[in-house]
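One file, start_18.cif, carrying mmCIF, C-alpha atoms and all ligand atoms:
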data_model
#
loop_
_atom_site.label_atom_id
_atom_site.label_comp_id
_atom_site.auth_asym_id
_atom_site.auth_seq_id
_atom_site.Cartn_x
_atom_site.Cartn_y
_atom_site.Cartn_z
CA MET A 13 144.25 200.39 -16.75
CA SER A 14 142.39 197.29 -15.60
CA THR A 15 141.31 196.90 -12.00
CA THR A 16 141.10 193.38 -10.61
CA MET A 17 138.24 192.74 -8.23
CA VAL A 18 139.40 191.21 -4.96
CA PRO A 19 136.80 188.75 -3.71
CA PRO A 20 135.67 189.39 -0.14
CA PRO A 21 137.24 187.00 2.41
CA PRO A 22 135.05 183.96 3.11
CA LYS A 23 132.79 184.45 6.13
CA LYS A 24 133.87 182.54 9.22
CA THR A 25 131.35 179.88 10.18
CA ASN A 26 131.08 177.17 12.82
CA ARG A 27 130.72 173.42 12.34
CA ILE A 28 127.05 173.74 11.35
CA GLY A 29 127.81 176.52 8.86
CA LEU A 30 126.45 179.47 10.87
CA GLU A 31 128.16 182.82 11.40
CA VAL A 32 128.49 184.29 14.87
CA LEU A 33 125.81 186.82 13.85
CA SER A 34 123.24 184.00 13.99
CA TYR A 35 123.91 183.72 17.74
CA LYS A 36 123.56 187.40 18.61
CA GLY A 37 120.45 189.12 19.91
CA GLY A 38 119.22 192.70 20.00
CA LYS A 39 121.39 195.65 21.00
CA THR A 40 121.72 195.84 24.77
CA THR A 41 119.87 198.54 26.69
CA LEU A 42 121.75 197.79 29.93
CA CYS A 43 124.22 200.32 31.41
CA ALA A 44 127.73 200.55 29.99
CA GLY A 45 130.08 198.25 31.90
CA CYS A 46 127.26 196.17 33.43
CA GLY A 47 128.60 192.67 34.10
CA HIS A 48 125.44 191.17 32.60
CA ASN A 49 126.55 192.33 29.13
CA SER A 50 129.82 190.36 29.38
CA ILE A 51 127.85 187.23 30.31
CA SER A 52 125.63 187.66 27.22
CA GLU A 53 128.78 187.94 25.09
CA ARG A 54 130.17 184.71 26.55
CA ILE A 55 126.87 182.92 25.85
CA VAL A 56 126.98 184.05 22.21
CA GLU A 57 130.59 182.83 21.84
CA CYS A 58 129.99 179.46 23.51
CA PHE A 59 126.87 178.52 21.56
CA TYR A 60 128.58 179.63 18.32
CA GLU A 61 131.81 177.75 19.06
CA LEU A 62 130.00 174.55 20.02
CA GLY A 63 127.84 174.77 16.88
CA ILE A 64 124.51 174.48 18.67
CA GLU A 65 121.42 174.96 16.54
CA PRO A 66 119.88 178.17 17.94
CA TRP A 67 116.35 177.08 17.04
CA LYS A 68 116.75 174.13 19.41
CA VAL A 69 117.38 176.41 22.38
CA ALA A 70 114.75 177.80 24.76
CA LYS A 71 115.67 180.86 26.85
CA PHE A 72 113.89 181.63 30.12
CA SER A 73 114.09 184.51 32.57
CA GLY A 74 112.21 186.29 35.35
CA ILE A 75 112.26 190.05 35.95
CA GLY A 76 115.28 192.31 36.47
CA CYS A 77 118.12 193.81 34.42
CA SER A 78 119.60 190.29 34.37
CA SER A 79 116.31 188.84 33.18
CA LYS A 80 116.34 191.27 30.25
CA SER A 81 119.61 189.67 29.05
CA PRO A 82 118.06 186.89 26.92
CA ALA A 83 116.93 189.64 24.53
CA TYR A 84 120.62 190.32 23.83
CA PHE A 85 121.76 186.83 22.82
CA LEU A 86 120.49 183.95 20.64
CA GLY A 87 117.95 186.00 18.71
CA MET A 88 116.91 182.95 16.67
CA SER A 89 116.04 180.89 19.76
CA HIS A 90 112.71 180.53 21.56
CA GLY A 91 112.28 182.78 24.59
CA PHE A 92 109.95 183.29 27.54
CA ASN A 93 110.35 186.29 29.85
CA SER A 94 108.25 185.23 32.83
CA VAL A 95 107.18 186.74 36.15
CA HIS A 96 109.58 187.87 38.93
CA GLY A 97 111.02 184.78 40.63
CA ARG A 98 108.84 182.34 38.71
CA MET A 99 111.12 181.32 35.86
CA PRO A 100 111.80 177.80 37.25
CA SER A 101 108.19 176.68 36.94
CA VAL A 102 107.91 177.99 33.38
CA ALA A 103 111.18 176.28 32.43
CA THR A 104 109.98 173.05 34.07
CA GLY A 105 106.75 173.08 32.08
CA ALA A 106 108.59 173.75 28.83
CA ALA A 107 111.14 170.99 29.48
CA LEU A 108 108.34 168.52 30.18
CA ALA A 109 106.50 169.55 27.02
CA ASN A 110 109.53 169.07 24.78
CA ARG A 111 112.64 167.38 26.08
CA ASN A 112 114.53 167.97 22.83
CA MET A 113 115.09 171.67 23.53
CA LEU A 114 118.23 172.89 25.30
CA GLY A 115 117.04 175.11 28.14
CA ILE A 116 118.94 178.12 29.42
CA GLY A 117 117.63 180.29 32.23
CA VAL A 118 119.06 183.68 33.12
CA THR A 119 118.08 185.23 36.42
CA GLY A 120 119.29 187.69 39.03
CA ASP A 121 120.19 187.38 42.70
CA GLY A 122 116.89 189.06 43.58
CA ASP A 123 114.95 186.93 41.12
CA THR A 124 116.52 183.74 42.53
CA ALA A 125 117.39 184.31 46.19
CA SER A 126 114.82 186.90 47.28
CA ILE A 127 111.36 186.56 45.71
CA GLY A 128 112.22 183.35 43.82
CA LEU A 129 113.83 181.30 46.57
CA GLY A 130 110.98 178.79 46.87
CA GLN A 131 110.92 178.09 43.15
CA PHE A 132 114.72 177.85 43.05
CA MET A 133 114.75 175.19 45.79
CA HIS A 134 112.20 173.00 44.04
CA LEU A 135 114.17 173.31 40.82
CA LEU A 136 117.27 172.10 42.69
CA ARG A 137 115.64 168.99 44.10
CA ARG A 138 114.26 168.04 40.70
CA ASN A 139 117.54 168.08 38.75
CA LEU A 140 115.79 169.56 35.72
CA PRO A 141 118.05 169.60 32.66
CA LEU A 142 118.59 173.38 32.52
CA ILE A 143 121.52 175.79 32.49
CA TYR A 144 120.64 178.18 35.31
CA ILE A 145 122.75 181.35 35.34
CA ILE A 146 122.48 183.73 38.29
CA GLU A 147 123.80 187.16 37.34
CA ASN A 148 124.70 188.09 40.89
CA ASN A 149 125.33 191.76 41.71
CA GLY A 150 124.04 191.77 45.30
CA VAL A 151 121.34 194.34 44.51
CA TYR A 152 118.03 194.81 42.74
CA GLY A 153 119.55 196.72 39.81
CA LEU A 154 116.30 197.30 37.95
CA THR A 155 114.56 198.94 40.93
CA LYS A 156 117.52 201.19 41.70
CA GLY A 157 119.89 199.25 43.89
CA GLN A 158 118.27 197.89 47.09
CA PHE A 159 120.17 195.02 48.80
CA SER A 160 119.21 191.54 47.64
CA ALA A 161 119.44 188.36 49.71
CA THR A 162 122.96 187.64 48.37
CA ALA A 163 124.40 190.94 49.64
CA ASP A 164 127.19 190.25 52.12
CA LEU A 165 126.88 191.18 55.77
CA GLY A 166 128.38 194.63 56.28
CA SER A 167 128.49 195.56 52.60
CA LYS A 168 127.62 199.16 51.89
CA LEU A 169 125.09 200.80 49.57
CA LYS A 170 126.09 203.93 47.63
CA THR A 171 124.04 205.92 50.14
CA GLY A 172 126.22 204.59 52.97
CA VAL A 173 123.55 202.18 54.33
CA LEU A 174 125.13 198.98 55.71
CA ASN A 175 123.64 195.53 55.15
CA ASP A 176 122.91 193.96 58.55
CA LEU A 177 121.59 190.61 57.29
CA PRO A 178 123.71 187.56 56.38
CA PRO A 179 123.61 186.45 52.73
CA PHE A 180 122.29 183.33 51.05
CA ASP A 181 125.11 181.67 49.15
CA CYS A 182 123.44 180.35 45.99
CA CYS A 183 126.19 177.75 45.43
CA SER A 184 125.84 176.35 48.96
CA LEU A 185 122.07 176.20 48.51
CA ALA A 186 122.49 174.48 45.15
CA LEU A 187 124.86 171.91 46.64
CA SER A 188 122.66 171.20 49.65
CA TRP A 189 119.47 170.83 47.65
CA GLY A 190 120.67 168.54 44.88
CA ALA A 191 122.09 170.42 41.89
CA THR A 192 124.38 168.12 39.93
CA TYR A 193 126.63 170.84 38.50
CA VAL A 194 127.58 173.86 40.57
CA ALA A 195 130.06 176.53 39.55
CA ARG A 196 130.90 180.10 40.39
CA SER A 197 132.55 182.59 38.11
CA PHE A 198 133.08 186.30 37.58
CA SER A 199 131.73 188.19 34.58
CA GLY A 200 135.20 189.67 34.08
CA ASP A 201 136.90 186.25 33.83
CA LYS A 202 136.32 185.48 30.16
CA LYS A 203 138.27 182.21 29.88
CA GLN A 204 136.89 180.62 33.03
CA LEU A 205 133.31 181.62 32.31
CA GLN A 206 133.52 180.25 28.77
CA ALA A 207 134.77 176.84 29.96
CA ILE A 208 132.11 176.68 32.67
CA LEU A 209 129.31 177.59 30.25
CA LYS A 210 130.43 175.03 27.70
CA THR A 211 130.49 172.28 30.32
CA ALA A 212 127.06 173.30 31.55
CA ILE A 213 125.73 173.03 27.99
CA SER A 214 126.85 169.39 27.84
CA HIS A 215 125.59 168.47 31.32
CA ASN A 216 122.45 166.36 31.40
CA GLY A 217 120.92 167.82 34.56
CA LEU A 218 120.65 171.11 36.41
CA SER A 219 123.74 173.32 36.09
CA VAL A 220 123.77 176.21 38.53
CA ILE A 221 126.27 178.92 37.64
CA ASP A 222 126.53 181.81 40.05
CA VAL A 223 128.31 184.62 38.22
CA ILE A 224 129.42 187.68 40.17
CA SER A 225 128.33 190.40 37.78
CA PRO A 226 128.96 193.95 39.04
CA CYS A 227 126.22 196.58 38.76
CA THR A 228 128.22 199.62 37.68
CA THR A 229 125.36 201.99 38.46
CA PHE A 230 124.37 200.91 41.98
CA ASN A 231 126.94 198.51 43.44
CA ASP A 232 130.45 199.11 42.16
CA HIS A 233 131.82 201.42 44.86
CA GLU A 234 134.15 200.98 47.80
CA GLY A 235 132.47 198.93 50.55
CA SER A 236 130.65 196.68 48.06
CA THR A 237 131.69 193.02 47.90
CA LYS A 238 130.24 192.61 44.39
CA SER A 239 132.34 195.33 42.70
CA TYR A 240 135.00 194.94 40.01
CA SER A 241 137.75 196.03 42.40
CA TYR A 242 136.62 193.68 45.22
CA MET A 243 136.55 190.76 42.79
CA LYS A 244 139.98 191.68 41.43
CA ASP A 245 141.44 191.47 44.94
CA HIS A 246 139.40 188.57 46.40
CA GLU A 247 138.71 186.13 43.57
CA GLU A 248 140.20 182.76 44.52
CA PRO A 249 140.06 180.26 41.61
CA ILE A 250 140.01 176.71 43.03
CA ASN A 251 140.74 175.08 39.71
CA GLU A 252 141.45 175.94 36.11
CA VAL A 253 138.86 174.47 33.78
CA ASP A 254 139.06 173.52 30.15
CA PHE A 255 136.30 172.05 28.08
CA VAL A 256 136.96 169.64 25.23
CA PRO A 257 133.84 169.09 23.06
CA PHE A 258 132.91 165.55 22.00
CA TYR A 259 133.87 166.29 18.39
CA GLU A 260 137.50 167.12 19.29
CA ASP A 261 139.91 164.25 19.86
CA ILE A 262 141.86 164.61 23.07
CA SER A 263 143.53 161.22 23.05
CA VAL A 264 146.84 162.76 21.97
CA GLU A 265 147.02 164.95 25.04
CA ILE A 266 148.59 163.41 28.08
CA PRO A 267 147.17 164.78 31.32
CA GLU A 268 149.81 166.31 33.59
CA GLY A 269 149.93 165.83 37.36
CA GLY A 270 147.03 167.48 39.15
CA VAL A 271 144.71 167.12 36.14
CA GLN A 272 141.35 165.43 36.43
CA ASP A 273 139.11 164.61 33.46
CA VAL A 274 135.36 164.33 33.93
CA LYS A 275 133.42 162.68 31.10
CA MET A 276 130.17 164.46 30.37
CA HIS A 277 127.04 162.71 29.06
CA ASP A 278 127.54 163.73 25.44
CA GLY A 279 131.13 162.42 25.39
CA SER A 280 132.72 165.84 25.97
CA THR A 281 135.39 166.23 28.62
CA LEU A 282 135.64 168.68 31.49
CA ARG A 283 139.35 168.96 32.26
CA ILE A 284 140.08 170.30 35.70
CA ARG A 285 143.57 171.49 36.66
CA LYS A 286 144.00 171.82 40.38
CA LEU A 287 145.42 175.14 41.48
CA GLY A 288 147.56 174.61 44.54
CA ARG A 289 144.91 173.44 46.98
CA GLU A 290 143.62 169.87 47.13
CA TYR A 291 140.11 170.07 45.80
CA ASN A 292 137.87 167.27 44.64
CA PRO A 293 134.82 168.49 42.63
CA ALA A 294 133.12 165.10 43.08
CA ASN A 295 132.91 165.56 46.85
CA LYS A 296 129.90 167.60 47.97
CA MET A 297 131.01 167.95 51.60
CA HIS A 298 134.38 169.17 50.42
CA ALA A 299 132.70 171.84 48.30
CA LEU A 300 130.45 173.01 51.15
CA THR A 301 133.40 173.25 53.55
CA ALA A 302 135.51 175.15 51.03
CA LEU A 303 132.68 177.65 50.46
CA SER A 304 132.13 178.19 54.16
CA GLU A 305 135.87 178.67 54.84
CA ALA A 306 136.13 181.13 51.97
CA GLU A 307 133.16 183.12 53.26
CA GLN A 308 134.83 183.50 56.64
CA LYS A 309 137.99 184.81 54.96
CA GLY A 310 136.09 187.19 52.66
CA GLU A 311 137.28 185.25 49.59
CA VAL A 312 135.16 184.47 46.54
CA LEU A 313 135.88 180.93 45.34
CA THR A 314 135.46 180.52 41.59
CA GLY A 315 135.66 177.47 39.33
CA VAL A 316 133.77 174.19 39.11
CA LEU A 317 132.71 173.42 42.67
CA TYR A 318 130.80 170.19 42.08
CA VAL A 319 129.94 167.77 39.28
CA ASP A 320 127.84 164.61 39.47
CA THR A 321 127.11 162.96 36.15
CA SER A 322 125.48 159.86 37.65
CA LYS A 323 122.11 161.15 38.86
CA PRO A 324 119.06 160.78 36.58
CA ASN A 325 117.43 164.04 35.57
CA PHE A 326 113.80 164.99 36.21
CA LEU A 327 112.62 163.98 32.73
CA ASP A 328 114.20 160.52 33.01
CA MET A 329 112.71 160.08 36.47
CA LEU A 330 109.27 160.76 34.99
CA SER A 331 109.96 158.55 31.94
CA MET A 332 109.04 161.38 29.59
CA VAL A 333 108.73 160.37 25.94
CA ASP A 334 111.17 161.65 23.33
CA GLU A 335 108.53 163.30 21.13
CA PRO A 336 107.31 166.83 21.96
CA LEU A 337 103.98 166.34 23.76
CA GLY A 338 102.19 168.67 21.34
CA THR A 339 102.96 166.32 18.44
CA LEU A 340 101.58 163.16 20.04
CA PRO A 341 98.49 161.78 18.30
CA GLU A 342 95.20 161.62 20.18
CA SER A 343 95.52 157.83 20.31
CA LYS A 344 98.47 158.30 22.69
CA THR A 345 97.18 161.16 24.80
CA ARG A 346 93.53 160.17 25.25
CA PRO A 347 92.44 157.10 27.20
CA THR A 348 90.21 154.77 25.22
CA LYS A 349 86.48 154.56 26.03
CA GLU A 350 87.09 151.11 27.53
CA ALA A 351 89.80 152.46 29.84
CA LEU A 352 87.53 155.33 30.97
CA ASP A 353 84.61 152.93 31.50
CA GLN A 354 86.84 150.75 33.65
CA ILE A 355 87.88 153.74 35.80
CA MET A 356 84.23 154.73 36.22
CA GLU A 357 83.41 151.18 37.19
CA GLU A 358 86.15 151.22 39.85
CA LEU A 359 84.77 154.46 41.29
CA ARG A 360 81.26 153.10 41.72
C1 LIG A 401 106.07 190.47 41.97
C2 LIG A 401 107.06 191.59 41.78
N1 LIG A 401 107.64 192.14 42.86
C3 LIG A 401 108.55 193.12 42.72
C4 LIG A 401 108.86 193.59 41.47
C5 LIG A 401 109.85 194.73 41.34
N2 LIG A 401 111.15 194.27 40.88
C6 LIG A 401 111.46 194.24 39.56
S1 LIG A 401 112.99 193.68 39.27
C7 LIG A 401 113.26 193.46 40.92
C8 LIG A 401 114.57 192.96 41.46
C9 LIG A 401 115.56 192.56 40.41
O1 LIG A 401 116.76 192.19 41.02
P1 LIG A 401 117.67 191.05 40.43
O2 LIG A 401 116.90 189.83 40.18
O3 LIG A 401 118.85 190.93 41.32
O4 LIG A 401 118.08 191.63 38.98
P2 LIG A 401 119.08 192.80 38.59
O5 LIG A 401 118.21 193.92 38.15
O6 LIG A 401 119.92 193.15 39.75
O7 LIG A 401 119.88 192.21 37.47
C10 LIG A 401 112.16 193.83 41.69
C11 LIG A 401 112.10 193.76 43.17
C12 LIG A 401 108.25 192.97 40.35
N3 LIG A 401 108.55 193.34 39.10
N4 LIG A 401 107.37 191.98 40.53
S1 LIG A 402 121.28 199.19 36.84
FE1 LIG A 402 123.02 197.86 37.32
S2 LIG A 402 122.30 195.78 36.82
FE2 LIG A 402 120.93 197.23 35.79
S3 LIG A 402 121.81 197.50 33.74
FE3 LIG A 402 122.62 199.13 35.04
S4 LIG A 402 124.57 198.34 35.77
FE4 LIG A 402 123.39 196.58 35.02
MG MG A 403 120.71 191.78 41.14
#

Could you take the file, read its structure, and then write that structure out as structure tokens?
Amino acid sequence: MSTTMVPPPPKKTNRIGLEVLSYKGGKTTLCAGCGHNSISERIVECFYELGIEPWKVAKFSGIGCSSKSPAYFLGMSHGFNSVHGRMPSVATGAALANRNMLGIGVTGDGDTASIGLGQFMHLLRRNLPLIYIIENNGVYGLTKGQFSATADLGSKLKTGVLNDLPPFDCCSLALSWGATYVARSFSGDKKQLQAILKTAISHNGLSVIDVISPCTTFNDHEGSTKSYSYMKDHEEPINEVDFVPFYEDISVEIPEGGVQDVKMHDGSTLRIRKLGREYNPANKMHALTALSEAEQKGEVLTGVLYVDTSKPNFLDMLSMVDEPLGTLPESKTRPTKEALDQIMEELR
């Protein structure tokens, strides 16, 4: 009897010929059910689906469970796990040194809004080209669940302690201080988070994405406003977002009523479907008002809150060269003797 060998099915690859495995990282050491793990999974999927070369990506983080996440995605990319709350300055230096890398920063609500608030604000006003993801669980997960500066007034710790301070809303801060792409999502909303991440990847400026990401160990009980059950009952999507990459032709699709297309810098399209309410993501005041009204009602607005594709980014403002600075020859980086002599002469 002869047995015929069945060839294994061809491996699925993306448009640059890589398997999804090439976009994964190490095995997670975070708690089971932690929202941060879902965000890592979405990052893996998005970078794979868009066919981004992992070796052209630089990952940055601070300190916290959230800041450990870059170890669990894009294992072939460059990475820098910095100091608590100081990731923005490291990412800024790296972006200046080599503008060809795609930067992605992953941080926590403590890392950004507590210890790192000063660095976050300077990042906002600079419009650095960087995807900045805040994995927001309202607590310091890594140090066992103390309230962070994004914890809502009146929310309750597991121990019963009530938070008596008002929160910083990272999206409102981002809008006020100059971010050119601001979105909020929920780690449990796979489709929305994917579309938001993909748009952020194609945005040529700072993209702030505040993702409510429940901490199952310290902040997922009744009385918490960052729990899975609270988000299930209070998530209020303002729009439905689709992302059409530049390499897919959308000309055959006819936008329906209530659909707005935003052209991104790389030719991709962010397609926004309005959900009931009148919402214009190009209007900053509109976004700030919507966030403040939602806060008063205890709602959590999710979706793309604001997009501005017209503002120059930090690297353009500084006229940074295309080549990585480390590859520039001495003739370009070192003033000539004549130039130095002239400076010395002027200082006499
Ligand atoms: C300078 C400094 N201060 C305090 C700490 C202690 N610490 C480590 S992580 C952390 C908070 C992390 O919270 P968050 O950024 O929200 O991340 P999460 O663990 O919740 O994901 C703190 C206070 C530290 N590592 N370094
Ligand atoms: S302590 Fe909380 S934030 Fe940290 S890994 Fe566990 S569930 Fe996630
Ligand atoms: Mg946190």

**Fill in**
One decimal place gives the atom CA of Ala163 of chain A-atom CA of Val151 of chain A separation as 6.9 Å

Expected selection as a PDB file with C-alpha atoms, keeping the file's coordinate frame for ligand LIG 401 (chain A) within 9 Å, only C-alpha atoms and all ligand atoms:
ATOM      1  CA  HIS A  48     125.440 191.170  32.600  1.00  0.00           C
ATOM      2  CA  GLY A  74     112.210 186.290  35.350  1.00  0.00           C
ATOM      3  CA  ILE A  75     112.260 190.050  35.950  1.00  0.00           C
ATOM      4  CA  GLY A  76     115.280 192.310  36.470  1.00  0.00           C
ATOM      5  CA  CYS A  77     118.120 193.810  34.420  1.00  0.00           C
ATOM      6  CA  SER A  78     119.600 190.290  34.370  1.00  0.00           C
ATOM      7  CA  SER A  79     116.310 188.840  33.180  1.00  0.00           C
ATOM      8  CA  LYS A  80     116.340 191.270  30.250  1.00  0.00           C
ATOM      9  CA  SER A  81     119.610 189.670  29.050  1.00  0.00           C
ATOM     10  CA  VAL A  95     107.180 186.740  36.150  1.00  0.00           C
ATOM     11  CA  HIS A  96     109.580 187.870  38.930  1.00  0.00           C
ATOM     12  CA  GLY A  97     111.020 184.780  40.630  1.00  0.00           C
ATOM     13  CA  THR A 119     118.080 185.230  36.420  1.00  0.00           C
ATOM     14  CA  GLY A 120     119.290 187.690  39.030  1.00  0.00           C
ATOM     15  CA  ASP A 121     120.190 187.380  42.700  1.00  0.00           C
ATOM     16  CA  GLY A 122     116.890 189.060  43.580  1.00  0.00           C
ATOM     17  CA  ASP A 123     114.950 186.930  41.120  1.00  0.00           C
ATOM     18  CA  THR A 124     116.520 183.740  42.530  1.00  0.00           C
ATOM     19  CA  ALA A 125     117.390 184.310  46.190  1.00  0.00           C
ATOM     20  CA  SER A 126     114.820 186.900  47.280  1.00  0.00           C
ATOM     21  CA  ILE A 127     111.360 186.560  45.710  1.00  0.00           C
ATOM     22  CA  GLY A 128     112.220 183.350  43.820  1.00  0.00           C
ATOM     23  CA  ILE A 146     122.480 183.730  38.290  1.00  0.00           C
ATOM     24  CA  GLU A 147     123.800 187.160  37.340  1.00  0.00           C
ATOM     25  CA  ASN A 148     124.700 188.090  40.890  1.00  0.00           C
ATOM     26  CA  ASN A 149     125.330 191.760  41.710  1.00  0.00           C
ATOM     27  CA  GLY A 150     124.040 191.770  45.300  1.00  0.00           C
ATOM     28  CA  VAL A 151     121.340 194.340  44.510  1.00  0.00           C
ATOM     29  CA  TYR A 152     118.030 194.810  42.740  1.00  0.00           C
ATOM     30  CA  GLY A 153     119.550 196.720  39.810  1.00  0.00           C
ATOM     31  CA  LEU A 154     116.300 197.300  37.950  1.00  0.00           C
ATOM     32  CA  THR A 155     114.560 198.940  40.930  1.00  0.00           C
ATOM     33  CA  LYS A 156     117.520 201.190  41.700  1.00  0.00           C
ATOM     34  CA  GLY A 157     119.890 199.250  43.890  1.00  0.00           C
ATOM     35  CA  GLN A 158     118.270 197.890  47.090  1.00  0.00           C
ATOM     36  CA  PHE A 159     120.170 195.020  48.800  1.00  0.00           C
ATOM     37  CA  SER A 160     119.210 191.540  47.640  1.00  0.00           C
ATOM     38  CA  ALA A 161     119.440 188.360  49.710  1.00  0.00           C
ATOM     39  CA  THR A 162     122.960 187.640  48.370  1.00  0.00           C
ATOM     40  CA  SER A 225     128.330 190.400  37.780  1.00  0.00           C
ATOM     41  CA  CYS A 227     126.220 196.580  38.760  1.00  0.00           C
TER      42      CYS A 227
END

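Closest approach to ligand MG 403 (chain A) among A:Gly200, A:Gly310, A:Pro141, A:Gly47: A:Gly47, based on all atoms listed in the file.
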
**Asked** From the list A:Thr281, A:Ser50, A:Ser101, A:Asn112, which residue is nearest ligand LIG 402 (chain A) when using all atoms listed in the file?
**Response** A:Ser50

(140.0, 191.5, 33.5) in this file's frame - what residues fall within 10 Å of it? Use all atoms listed in the file and give the answer as a tab-separated table (two decimals) with C-alpha atoms, keeping the file's coordinate frame.
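Once written, out02.tsv looks like this:
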chain	number	residue	atom	x	y	z
A	198	PHE	CA	133.08	186.30	37.58
A	199	SER	CA	131.73	188.19	34.58
A	200	GLY	CA	135.20	189.67	34.08
A	201	ASP	CA	136.90	186.25	33.83
A	202	LYS	CA	136.32	185.48	30.16
A	240	TYR	CA	135.00	194.94	40.01
A	243	MET	CA	136.55	190.76	42.79
A	244	LYS	CA	139.98	191.68	41.43

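The residue that comes closest to ligand MG 403 (chain A), out of A:Pro226, A:Gly235, A:Gly117, A:Pro21 and on the basis of all atoms listed in the file, is A:Pro226.
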
**Asked** What is the distance between atom CA of Cys43 of chain A and atom CA of Lys71 of chain A, in Å to one decimal?
**Response** 21.7 Å

**Prompt:** If I put a ball of radius 12 Å at (134.0, 177.3, 41.9) in the file's coordinates, which residues poke into it when counting only C-alpha atoms, written as a VMD selection string?
**Reply:** chain A and resid 182 to 184 187 193 to 198 204 to 205 207 to 208 220 to 224 247 to 253 284 286 to 287 291 to 293 298 to 300 302 to 303 306 311 to 319

**Item:** Selection near segment 130-137 of chain A, 6 Å with only C-alpha atoms, sequence-local residues under 4 positions removed, as a PyMOL selection string
**Value:** chain A and resi 100+189-191

**Request:** Could you please determine the separation between atom CA of Gly166 of chain A and atom CA of Glu305 of chain A in Å, to one decimal place?
**Result:** 17.7 Å

**Request:** Excluding Asp273 of chain A and residues on its chain fewer than 3 positions from it, collect all residues at most 10 Å away from it, counting only C-alpha atoms, and give them as a PyMOL selection string.
**Result:** chain A and resi 253-256+267+276+280-285
